[in-house]
$ cat my_file.pdb   # PDB, C-alpha atoms
ATOM      1  CA  MET E   1     -33.665  68.386  53.461
ATOM      2  CA  GLY E   2     -33.268  70.890  50.655
ATOM      3  CA  ALA E   3     -32.003  70.073  47.163
ATOM      4  CA  LEU E   4     -30.713  72.521  44.555
ATOM      5  CA  ILE E   5     -30.701  71.276  40.958
ATOM      6  CA  ALA E   6     -28.164  72.798  38.559
ATOM      7  CA  ASP E   7     -28.113  71.732  34.926
ATOM      8  CA  ASP E   8     -28.251  73.680  31.662
ATOM      9  CA  GLU E   9     -30.637  71.101  30.164
ATOM     10  CA  PRO E  10     -34.318  71.503  31.182
ATOM     11  CA  ALA E  11     -34.967  67.783  30.601
ATOM     12  CA  ALA E  12     -32.150  66.866  32.977
ATOM     13  CA  ARG E  13     -33.521  69.178  35.696
ATOM     14  CA  GLN E  14     -36.967  67.643  35.224
ATOM     15  CA  GLY E  15     -35.466  64.152  35.466
ATOM     16  CA  VAL E  16     -33.831  64.927  38.810
ATOM     17  CA  ARG E  17     -37.109  66.438  40.083
ATOM     18  CA  GLN E  18     -38.928  63.244  39.108
ATOM     19  CA  LEU E  19     -36.332  61.037  40.789
ATOM     20  CA  LEU E  20     -36.437  63.182  43.937
ATOM     21  CA  ALA E  21     -40.227  62.758  44.136
ATOM     22  CA  ALA E  22     -39.627  59.250  45.524
ATOM     23  CA  PHE E  23     -37.860  60.808  48.525
ATOM     24  CA  PRO E  24     -40.384  62.938  50.440
ATOM     25  CA  GLU E  25     -37.747  63.967  52.983
ATOM     26  CA  PHE E  26     -36.210  66.131  50.234
ATOM     27  CA  ALA E  27     -37.659  69.316  48.788
ATOM     28  CA  VAL E  28     -36.358  71.174  45.752
ATOM     29  CA  VAL E  29     -35.369  74.640  46.997
ATOM     30  CA  GLY E  30     -34.192  75.940  43.629
ATOM     31  CA  GLU E  31     -33.071  75.259  40.092
ATOM     32  CA  CYS E  32     -30.217  76.825  38.156
ATOM     33  CA  ARG E  33     -29.215  76.745  34.488
ATOM     34  CA  ASN E  34     -25.520  77.601  34.859
ATOM     35  CA  GLY E  35     -22.720  78.074  37.343
ATOM     36  CA  ALA E  36     -23.288  81.807  37.776
ATOM     37  CA  GLU E  37     -26.885  81.122  38.808
ATOM     38  CA  VAL E  38     -25.683  78.467  41.275
ATOM     39  CA  LEU E  39     -23.287  80.889  42.942
ATOM     40  CA  ALA E  40     -25.948  83.604  43.073
ATOM     41  CA  ALA E  41     -28.506  81.185  44.529
ATOM     42  CA  LEU E  42     -26.101  79.964  47.204
ATOM     43  CA  ASP E  43     -25.126  83.530  48.087
ATOM     44  CA  ALA E  44     -28.766  84.640  48.272
ATOM     45  CA  LEU E  45     -29.735  81.988  50.797
ATOM     46  CA  ARG E  46     -29.555  83.253  54.333
ATOM     47  CA  PRO E  47     -29.673  81.372  57.652
ATOM     48  CA  GLY E  48     -33.227  80.401  58.467
ATOM     49  CA  THR E  49     -34.230  80.041  54.806
ATOM     50  CA  SER E  50     -34.561  76.847  52.815
ATOM     51  CA  GLN E  51     -30.880  76.250  52.277
ATOM     52  CA  PRO E  52     -29.851  73.265  50.200
ATOM     53  CA  ASP E  53     -28.298  70.300  51.942
ATOM     54  CA  VAL E  54     -27.339  68.853  48.564
ATOM     55  CA  ILE E  55     -26.721  70.216  45.098
ATOM     56  CA  PHE E  56     -27.168  68.057  42.035
ATOM     57  CA  LEU E  57     -24.544  69.775  39.908
ATOM     58  CA  ASP E  58     -23.895  69.329  36.205
ATOM     59  CA  ILE E  59     -20.218  69.556  35.323
ATOM     60  CA  GLN E  60     -20.401  71.078  31.854
ATOM     61  CA  MET E  61     -22.527  74.216  31.890
ATOM     62  CA  PRO E  62     -22.166  77.497  29.988
ATOM     63  CA  GLY E  63     -19.764  79.966  31.549
ATOM     64  CA  ILE E  64     -18.842  78.661  34.987
ATOM     65  CA  ASP E  65     -18.671  74.868  35.115
ATOM     66  CA  GLY E  66     -19.444  72.676  38.106
ATOM     67  CA  PHE E  67     -15.813  72.404  39.200
ATOM     68  CA  GLU E  68     -15.423  76.177  39.138
ATOM     69  CA  VAL E  69     -18.540  76.534  41.308
ATOM     70  CA  ILE E  70     -16.842  74.404  43.958
ATOM     71  CA  ARG E  71     -13.540  76.291  43.607
ATOM     72  CA  ARG E  72     -15.303  79.597  44.221
ATOM     73  CA  ARG E  73     -16.930  78.450  47.454
ATOM     74  CA  THR E  74     -15.349  77.560  50.765
ATOM     75  CA  PRO E  75     -16.120  74.009  51.920
ATOM     76  CA  GLU E  76     -18.189  75.220  54.874
ATOM     77  CA  ARG E  77     -20.369  77.248  52.490
ATOM     78  CA  MET E  78     -20.943  74.390  50.054
ATOM     79  CA  PRO E  79     -23.684  71.774  50.449
ATOM     80  CA  ALA E  80     -22.992  68.135  49.651
ATOM     81  CA  VAL E  81     -22.342  67.786  45.924
ATOM     82  CA  VAL E  82     -23.643  65.072  43.633
ATOM     83  CA  PHE E  83     -22.232  65.615  40.162
ATOM     84  CA  LEU E  84     -24.401  64.859  37.135
ATOM     85  CA  THR E  85     -22.794  64.450  33.759
ATOM     86  CA  ALA E  86     -23.070  62.621  30.482
ATOM     87  CA  TYR E  87     -19.362  61.769  30.671
ATOM     88  CA  ASP E  88     -17.528  59.360  32.944
ATOM     89  CA  GLN E  89     -14.116  60.954  32.300
ATOM     90  CA  PHE E  90     -14.513  63.491  35.136
ATOM     91  CA  ALA E  91     -15.103  60.956  37.929
ATOM     92  CA  ILE E  92     -11.656  61.062  39.515
ATOM     93  CA  ARG E  93     -11.593  64.845  39.414
ATOM     94  CA  ALA E  94     -15.080  64.930  40.984
ATOM     95  CA  PHE E  95     -14.022  62.830  43.948
ATOM     96  CA  GLU E  96     -10.849  64.900  44.326
ATOM     97  CA  ALA E  97     -13.248  67.857  44.685
ATOM     98  CA  GLN E  98     -14.893  65.868  47.513
ATOM     99  CA  ALA E  99     -18.157  65.163  45.734
ATOM    100  CA  LEU E 100     -20.502  62.840  47.590
ATOM    101  CA  ASP E 101     -21.303  60.979  44.377
ATOM    102  CA  TYR E 102     -21.030  61.032  40.600
ATOM    103  CA  LEU E 103     -24.011  60.146  38.427
ATOM    104  CA  VAL E 104     -23.750  59.539  34.698
ATOM    105  CA  LYS E 105     -26.778  60.556  32.622
ATOM    106  CA  PRO E 106     -29.216  59.057  32.005
ATOM    107  CA  VAL E 107     -29.521  58.237  35.696
ATOM    108  CA  THR E 108     -31.405  55.075  36.612
ATOM    109  CA  GLU E 109     -33.799  54.935  39.549
ATOM    110  CA  ALA E 110     -31.660  52.285  41.269
ATOM    111  CA  ARG E 111     -28.467  54.316  40.953
ATOM    112  CA  PHE E 112     -30.233  57.472  42.167
ATOM    113  CA  ALA E 113     -31.677  55.569  45.154
ATOM    114  CA  ALA E 114     -28.175  54.389  46.104
ATOM    115  CA  THR E 115     -26.959  57.996  46.021
ATOM    116  CA  MET E 116     -29.870  59.113  48.180
ATOM    117  CA  LYS E 117     -29.083  56.409  50.757
ATOM    118  CA  ARG E 118     -25.494  57.651  50.935
ATOM    119  CA  LEU E 119     -26.724  61.192  51.323
ATOM    120  CA  MET E 120     -29.130  60.335  54.131
ATOM    121  CA  ARG E 121     -26.410  58.414  55.995
ATOM    122  CA  GLN E 122     -24.123  61.441  55.816
TER     123      GLN E 122
END
$ encode --input "my_file.pdb" --output "structure tokens"
Amino acid sequence: MGALIADDEPAARQGVRQLLAAFPEFAVVGECRNGAEVLAALDALRPGTSQPDVIFLDIQMPGIDGFEVIRRRTPERMPAVVFLTAYDQFAIRAFEAQALDYLVKPVTEARFAATMKRLMRQ
């Protein structure tokens, strides 16, 4: 399964990569620093390429935020979304946007593993 990591903080992207290393069934297919890069990456992926099955999406990024990324895509063109944020105040809004999960930074290994189990069941 492919994973796209989108966060404006390099340390946060590295943290997700490290957590994903415990799940060999997942491969990182790309990284983005902002919402515009996410949209471009999703648009650039064609059938038969390593398309993401999940996107680990920061909410607050420069320019286009995580919620706007979802608004600009149709549901059938959007992979499963796991929001990453330093703030818990966006949780209800995230689930209204049909996110698979909502992780508050810093993410613990146990919490990340629970998210991955949910993702694999889906």
$ closest_residue --input "my_file.pdb" --among "E:Asp58, E:Glu25, E:Glu37, E:Asp8" --to "E:Ala86" --atoms "only C-alpha atoms"
E:Asp58
$ atom_distance --input "my_file.pdb" --atom1 "atom CA of E:Arg71" --atom2 "atom CA of E:Leu19"
27.6 Å
$ resolve_selection --input "my_file.pdb" --expression "the PyMOL selection byres ((chain E and resi 4) around 7)" --output "PyMOL selection string"
chain E and resi 2-3+5-6+28-31+52+54-56
$ closest_residue --input "my_file.pdb" --among "E:Arg73, E:Val104, E:Phe90, E:Phe26" --to "E:Ala40" --atoms "all atoms listed in the file"
E:Arg73
$ resolve_selection --input "my_file.pdb" --expression "the PyMOL selection byres ((chain E and resi 61) around 8)" --output "VMD selection string"
chain E and resid 7 to 8 33 to 35 58 to 60 62 to 66
$ resolve_selection --input "my_file.pdb" --expression "the PyMOL selection byres ((chain E and resi 81) around 12)" --output "PDB file with C-alpha atoms, keeping the file's coordinate frame"
ATOM      1  CA  ALA E   3     -32.003  70.073  47.163  1.00  0.00           C
ATOM      2  CA  LEU E   4     -30.713  72.521  44.555  1.00  0.00           C
ATOM      3  CA  ILE E   5     -30.701  71.276  40.958  1.00  0.00           C
ATOM      4  CA  ALA E   6     -28.164  72.798  38.559  1.00  0.00           C
ATOM      5  CA  PRO E  52     -29.851  73.265  50.200  1.00  0.00           C
ATOM      6  CA  ASP E  53     -28.298  70.300  51.942  1.00  0.00           C
ATOM      7  CA  VAL E  54     -27.339  68.853  48.564  1.00  0.00           C
ATOM      8  CA  ILE E  55     -26.721  70.216  45.098  1.00  0.00           C
ATOM      9  CA  PHE E  56     -27.168  68.057  42.035  1.00  0.00           C
ATOM     10  CA  LEU E  57     -24.544  69.775  39.908  1.00  0.00           C
ATOM     11  CA  ASP E  58     -23.895  69.329  36.205  1.00  0.00           C
ATOM     12  CA  ILE E  59     -20.218  69.556  35.323  1.00  0.00           C
ATOM     13  CA  GLY E  66     -19.444  72.676  38.106  1.00  0.00           C
ATOM     14  CA  PHE E  67     -15.813  72.404  39.200  1.00  0.00           C
ATOM     15  CA  VAL E  69     -18.540  76.534  41.308  1.00  0.00           C
ATOM     16  CA  ILE E  70     -16.842  74.404  43.958  1.00  0.00           C
ATOM     17  CA  PRO E  75     -16.120  74.009  51.920  1.00  0.00           C
ATOM     18  CA  ARG E  77     -20.369  77.248  52.490  1.00  0.00           C
ATOM     19  CA  MET E  78     -20.943  74.390  50.054  1.00  0.00           C
ATOM     20  CA  PRO E  79     -23.684  71.774  50.449  1.00  0.00           C
ATOM     21  CA  ALA E  80     -22.992  68.135  49.651  1.00  0.00           C
ATOM     22  CA  VAL E  82     -23.643  65.072  43.633  1.00  0.00           C
ATOM     23  CA  PHE E  83     -22.232  65.615  40.162  1.00  0.00           C
ATOM     24  CA  LEU E  84     -24.401  64.859  37.135  1.00  0.00           C
ATOM     25  CA  ALA E  94     -15.080  64.930  40.984  1.00  0.00           C
ATOM     26  CA  PHE E  95     -14.022  62.830  43.948  1.00  0.00           C
ATOM     27  CA  GLU E  96     -10.849  64.900  44.326  1.00  0.00           C
ATOM     28  CA  ALA E  97     -13.248  67.857  44.685  1.00  0.00           C
ATOM     29  CA  GLN E  98     -14.893  65.868  47.513  1.00  0.00           C
ATOM     30  CA  ALA E  99     -18.157  65.163  45.734  1.00  0.00           C
ATOM     31  CA  LEU E 100     -20.502  62.840  47.590  1.00  0.00           C
ATOM     32  CA  ASP E 101     -21.303  60.979  44.377  1.00  0.00           C
ATOM     33  CA  TYR E 102     -21.030  61.032  40.600  1.00  0.00           C
ATOM     34  CA  LEU E 103     -24.011  60.146  38.427  1.00  0.00           C
ATOM     35  CA  THR E 115     -26.959  57.996  46.021  1.00  0.00           C
ATOM     36  CA  MET E 116     -29.870  59.113  48.180  1.00  0.00           C
ATOM     37  CA  ARG E 118     -25.494  57.651  50.935  1.00  0.00           C
ATOM     38  CA  LEU E 119     -26.724  61.192  51.323  1.00  0.00           C
ATOM     39  CA  GLN E 122     -24.123  61.441  55.816  1.00  0.00           C
TER      40      GLN E 122
END
$ closest_residue --input "my_file.pdb" --among "E:Leu42, E:Ala36, E:Phe23, E:Gln14" --to "E:Ala114" --atoms "only C-alpha atoms"
E:Phe23
$ atom_distance --input "my_file.pdb" --atom1 "atom CA of E:Arg111" --atom2 "atom CA of E:Val16"
12.1 Å
$ closest_residue --input "my_file.pdb" --among "E:Ala22, E:Glu68, E:Cys32, E:Ala11" --to "E:Arg93" --atoms "all atoms listed in the file"
E:Glu68
$ atom_distance --input "my_file.pdb" --atom1 "atom CA of E:Met120" --atom2 "atom CA of E:Arg13"
20.9 Å
$ closest_residue --input "my_file.pdb" --among "E:Val107, E:Ala44, E:Leu39, E:Ala91" --to "E:Ala12" --atoms "all atoms listed in the file"
E:Val107
$ closest_residue --input "my_file.pdb" --among "E:Asp43, E:Gly15, E:Pro106, E:Pro10" --to "E:Tyr87" --atoms "all atoms listed in the file"
E:Pro106
$ axis_aligned_box --input "my_file.pdb" --around "stretch 100-107 of chain E" --padding-each-side "6 Å" --output "lines of an AutoDock Vina configuration file"
center_x = -25.0
center_y = 60.5
center_z = 39.8
size_x = 21.0
size_y = 16.6
size_z = 27.6
$ decode --input "my_file.pdb" --residues "stretch 19-49 of chain E" --atoms "N, CA, C and O atoms" --output "PDB file, in the first residue's frame"
ATOM      1  N   LEU E  19       7.748   5.917  11.816  1.00  0.00           N
ATOM      2  CA  LEU E  19       6.639   5.109  12.310  1.00  0.00           C
ATOM      3  C   LEU E  19       6.166   4.119  11.258  1.00  0.00           C
ATOM      4  O   LEU E  19       5.831   2.976  11.569  1.00  0.00           O
ATOM      5  N   LEU E  20       6.149   4.532  10.000  1.00  0.00           N
ATOM      6  CA  LEU E  20       5.724   3.645   8.913  1.00  0.00           C
ATOM      7  C   LEU E  20       6.692   2.489   8.692  1.00  0.00           C
ATOM      8  O   LEU E  20       6.302   1.445   8.160  1.00  0.00           O
ATOM      9  N   ALA E  21       7.945   2.658   9.087  1.00  0.00           N
ATOM     10  CA  ALA E  21       8.952   1.604   8.888  1.00  0.00           C
ATOM     11  C   ALA E  21       8.560   0.302   9.586  1.00  0.00           C
ATOM     12  O   ALA E  21       8.971  -0.778   9.169  1.00  0.00           O
ATOM     13  N   ALA E  22       7.737   0.376  10.611  1.00  0.00           N
ATOM     14  CA  ALA E  22       7.283  -0.815  11.328  1.00  0.00           C
ATOM     15  C   ALA E  22       6.185  -1.560  10.572  1.00  0.00           C
ATOM     16  O   ALA E  22       5.762  -2.635  11.002  1.00  0.00           O
ATOM     17  N   PHE E  23       5.758  -1.010   9.443  1.00  0.00           N
ATOM     18  CA  PHE E  23       4.670  -1.603   8.661  1.00  0.00           C
ATOM     19  C   PHE E  23       5.153  -1.833   7.229  1.00  0.00           C
ATOM     20  O   PHE E  23       4.941  -0.998   6.346  1.00  0.00           O
ATOM     21  N   PRO E  24       5.823  -2.964   6.990  1.00  0.00           N
ATOM     22  CA  PRO E  24       6.434  -3.209   5.681  1.00  0.00           C
ATOM     23  C   PRO E  24       5.434  -3.290   4.533  1.00  0.00           C
ATOM     24  O   PRO E  24       5.822  -3.172   3.366  1.00  0.00           O
ATOM     25  N   GLU E  25       4.166  -3.462   4.828  1.00  0.00           N
ATOM     26  CA  GLU E  25       3.158  -3.503   3.765  1.00  0.00           C
ATOM     27  C   GLU E  25       2.880  -2.115   3.184  1.00  0.00           C
ATOM     28  O   GLU E  25       2.182  -1.971   2.193  1.00  0.00           O
ATOM     29  N   PHE E  26       3.459  -1.081   3.788  1.00  0.00           N
ATOM     30  CA  PHE E  26       3.295   0.291   3.323  1.00  0.00           C
ATOM     31  C   PHE E  26       4.613   0.835   2.800  1.00  0.00           C
ATOM     32  O   PHE E  26       5.664   0.608   3.399  1.00  0.00           O
ATOM     33  N   ALA E  27       4.523   1.558   1.698  1.00  0.00           N
ATOM     34  CA  ALA E  27       5.695   2.226   1.125  1.00  0.00           C
ATOM     35  C   ALA E  27       5.367   3.698   0.933  1.00  0.00           C
ATOM     36  O   ALA E  27       4.266   4.046   0.491  1.00  0.00           O
ATOM     37  N   VAL E  28       6.303   4.556   1.280  1.00  0.00           N
ATOM     38  CA  VAL E  28       6.116   5.992   1.070  1.00  0.00           C
ATOM     39  C   VAL E  28       6.266   6.259  -0.424  1.00  0.00           C
ATOM     40  O   VAL E  28       7.304   5.965  -1.012  1.00  0.00           O
ATOM     41  N   VAL E  29       5.215   6.798  -1.029  1.00  0.00           N
ATOM     42  CA  VAL E  29       5.242   7.085  -2.476  1.00  0.00           C
ATOM     43  C   VAL E  29       5.482   8.561  -2.753  1.00  0.00           C
ATOM     44  O   VAL E  29       5.606   8.956  -3.911  1.00  0.00           O
ATOM     45  N   GLY E  30       5.550   9.375  -1.708  1.00  0.00           N
ATOM     46  CA  GLY E  30       5.828  10.792  -1.895  1.00  0.00           C
ATOM     47  C   GLY E  30       5.715  11.564  -0.604  1.00  0.00           C
ATOM     48  O   GLY E  30       5.142  11.083   0.376  1.00  0.00           O
ATOM     49  N   GLU E  31       6.315  12.758  -0.635  1.00  0.00           N
ATOM     50  CA  GLU E  31       6.230  13.685   0.492  1.00  0.00           C
ATOM     51  C   GLU E  31       5.938  15.073  -0.049  1.00  0.00           C
ATOM     52  O   GLU E  31       6.429  15.442  -1.114  1.00  0.00           O
ATOM     53  N   CYS E  32       5.142  15.818   0.688  1.00  0.00           N
ATOM     54  CA  CYS E  32       4.754  17.166   0.283  1.00  0.00           C
ATOM     55  C   CYS E  32       4.905  18.108   1.473  1.00  0.00           C
ATOM     56  O   CYS E  32       4.712  17.704   2.614  1.00  0.00           O
ATOM     57  N   ARG E  33       5.211  19.381   1.146  1.00  0.00           N
ATOM     58  CA  ARG E  33       5.410  20.385   2.200  1.00  0.00           C
ATOM     59  C   ARG E  33       4.214  21.302   2.383  1.00  0.00           C
ATOM     60  O   ARG E  33       4.163  22.073   3.324  1.00  0.00           O
ATOM     61  N   ASN E  34       3.256  21.267   1.461  1.00  0.00           N
ATOM     62  CA  ASN E  34       2.091  22.147   1.564  1.00  0.00           C
ATOM     63  C   ASN E  34       0.948  21.578   0.731  1.00  0.00           C
ATOM     64  O   ASN E  34       1.129  20.604  -0.021  1.00  0.00           O
ATOM     65  N   GLY E  35      -0.204  22.209   0.860  1.00  0.00           N
ATOM     66  CA  GLY E  35      -1.389  21.714   0.176  1.00  0.00           C
ATOM     67  C   GLY E  35      -1.289  21.754  -1.343  1.00  0.00           C
ATOM     68  O   GLY E  35      -1.783  20.858  -2.025  1.00  0.00           O
ATOM     69  N   ALA E  36      -0.649  22.779  -1.883  1.00  0.00           N
ATOM     70  CA  ALA E  36      -0.490  22.857  -3.335  1.00  0.00           C
ATOM     71  C   ALA E  36       0.325  21.679  -3.850  1.00  0.00           C
ATOM     72  O   ALA E  36       0.003  21.096  -4.894  1.00  0.00           O
ATOM     73  N   GLU E  37       1.368  21.308  -3.118  1.00  0.00           N
ATOM     74  CA  GLU E  37       2.170  20.145  -3.519  1.00  0.00           C
ATOM     75  C   GLU E  37       1.359  18.860  -3.429  1.00  0.00           C
ATOM     76  O   GLU E  37       1.506  17.968  -4.263  1.00  0.00           O
ATOM     77  N   VAL E  38       0.492  18.744  -2.429  1.00  0.00           N
ATOM     78  CA  VAL E  38      -0.363  17.563  -2.296  1.00  0.00           C
ATOM     79  C   VAL E  38      -1.262  17.440  -3.510  1.00  0.00           C
ATOM     80  O   VAL E  38      -1.347  16.373  -4.136  1.00  0.00           O
ATOM     81  N   LEU E  39      -1.934  18.525  -3.868  1.00  0.00           N
ATOM     82  CA  LEU E  39      -2.834  18.477  -5.024  1.00  0.00           C
ATOM     83  C   LEU E  39      -2.079  18.142  -6.301  1.00  0.00           C
ATOM     84  O   LEU E  39      -2.540  17.336  -7.115  1.00  0.00           O
ATOM     85  N   ALA E  40      -0.907  18.731  -6.473  1.00  0.00           N
ATOM     86  CA  ALA E  40      -0.097  18.446  -7.666  1.00  0.00           C
ATOM     87  C   ALA E  40       0.343  16.982  -7.682  1.00  0.00           C
ATOM     88  O   ALA E  40       0.305  16.329  -8.730  1.00  0.00           O
ATOM     89  N   ALA E  41       0.753  16.464  -6.529  1.00  0.00           N
ATOM     90  CA  ALA E  41       1.188  15.069  -6.459  1.00  0.00           C
ATOM     91  C   ALA E  41       0.038  14.119  -6.776  1.00  0.00           C
ATOM     92  O   ALA E  41       0.204  13.157  -7.520  1.00  0.00           O
ATOM     93  N   LEU E  42      -1.133  14.391  -6.221  1.00  0.00           N
ATOM     94  CA  LEU E  42      -2.285  13.530  -6.492  1.00  0.00           C
ATOM     95  C   LEU E  42      -2.704  13.606  -7.953  1.00  0.00           C
ATOM     96  O   LEU E  42      -3.083  12.598  -8.549  1.00  0.00           O
ATOM     97  N   ASP E  43      -2.618  14.788  -8.541  1.00  0.00           N
ATOM     98  CA  ASP E  43      -2.978  14.939  -9.953  1.00  0.00           C
ATOM     99  C   ASP E  43      -1.962  14.276 -10.875  1.00  0.00           C
ATOM    100  O   ASP E  43      -2.308  13.810 -11.956  1.00  0.00           O
ATOM    101  N   ALA E  44      -0.702  14.242 -10.449  1.00  0.00           N
ATOM    102  CA  ALA E  44       0.359  13.687 -11.297  1.00  0.00           C
ATOM    103  C   ALA E  44       0.341  12.164 -11.328  1.00  0.00           C
ATOM    104  O   ALA E  44       0.859  11.560 -12.269  1.00  0.00           O
ATOM    105  N   LEU E  45      -0.243  11.550 -10.327  1.00  0.00           N
ATOM    106  CA  LEU E  45      -0.262  10.094 -10.276  1.00  0.00           C
ATOM    107  C   LEU E  45      -1.297   9.554 -11.248  1.00  0.00           C
ATOM    108  O   LEU E  45      -2.441   9.979 -11.271  1.00  0.00           O
ATOM    109  N   ARG E  46      -0.853   8.644 -12.062  1.00  0.00           N
ATOM    110  CA  ARG E  46      -1.734   8.052 -13.070  1.00  0.00           C
ATOM    111  C   ARG E  46      -1.993   6.594 -12.720  1.00  0.00           C
ATOM    112  O   ARG E  46      -1.201   5.970 -12.024  1.00  0.00           O
ATOM    113  N   PRO E  47      -3.083   6.021 -13.266  1.00  0.00           N
ATOM    114  CA  PRO E  47      -3.334   4.587 -13.038  1.00  0.00           C
ATOM    115  C   PRO E  47      -2.116   3.766 -13.437  1.00  0.00           C
ATOM    116  O   PRO E  47      -1.461   4.042 -14.434  1.00  0.00           O
ATOM    117  N   GLY E  48      -1.810   2.783 -12.604  1.00  0.00           N
ATOM    118  CA  GLY E  48      -0.663   1.927 -12.863  1.00  0.00           C
ATOM    119  C   GLY E  48       0.602   2.407 -12.170  1.00  0.00           C
ATOM    120  O   GLY E  48       1.599   1.709 -12.138  1.00  0.00           O
ATOM    121  N   THR E  49       0.576   3.618 -11.596  1.00  0.00           N
ATOM    122  CA  THR E  49       1.735   4.115 -10.864  1.00  0.00           C
ATOM    123  C   THR E  49       1.515   3.852  -9.379  1.00  0.00           C
ATOM    124  O   THR E  49       0.473   3.352  -8.974  1.00  0.00           O
TER     125      THR E  49
END
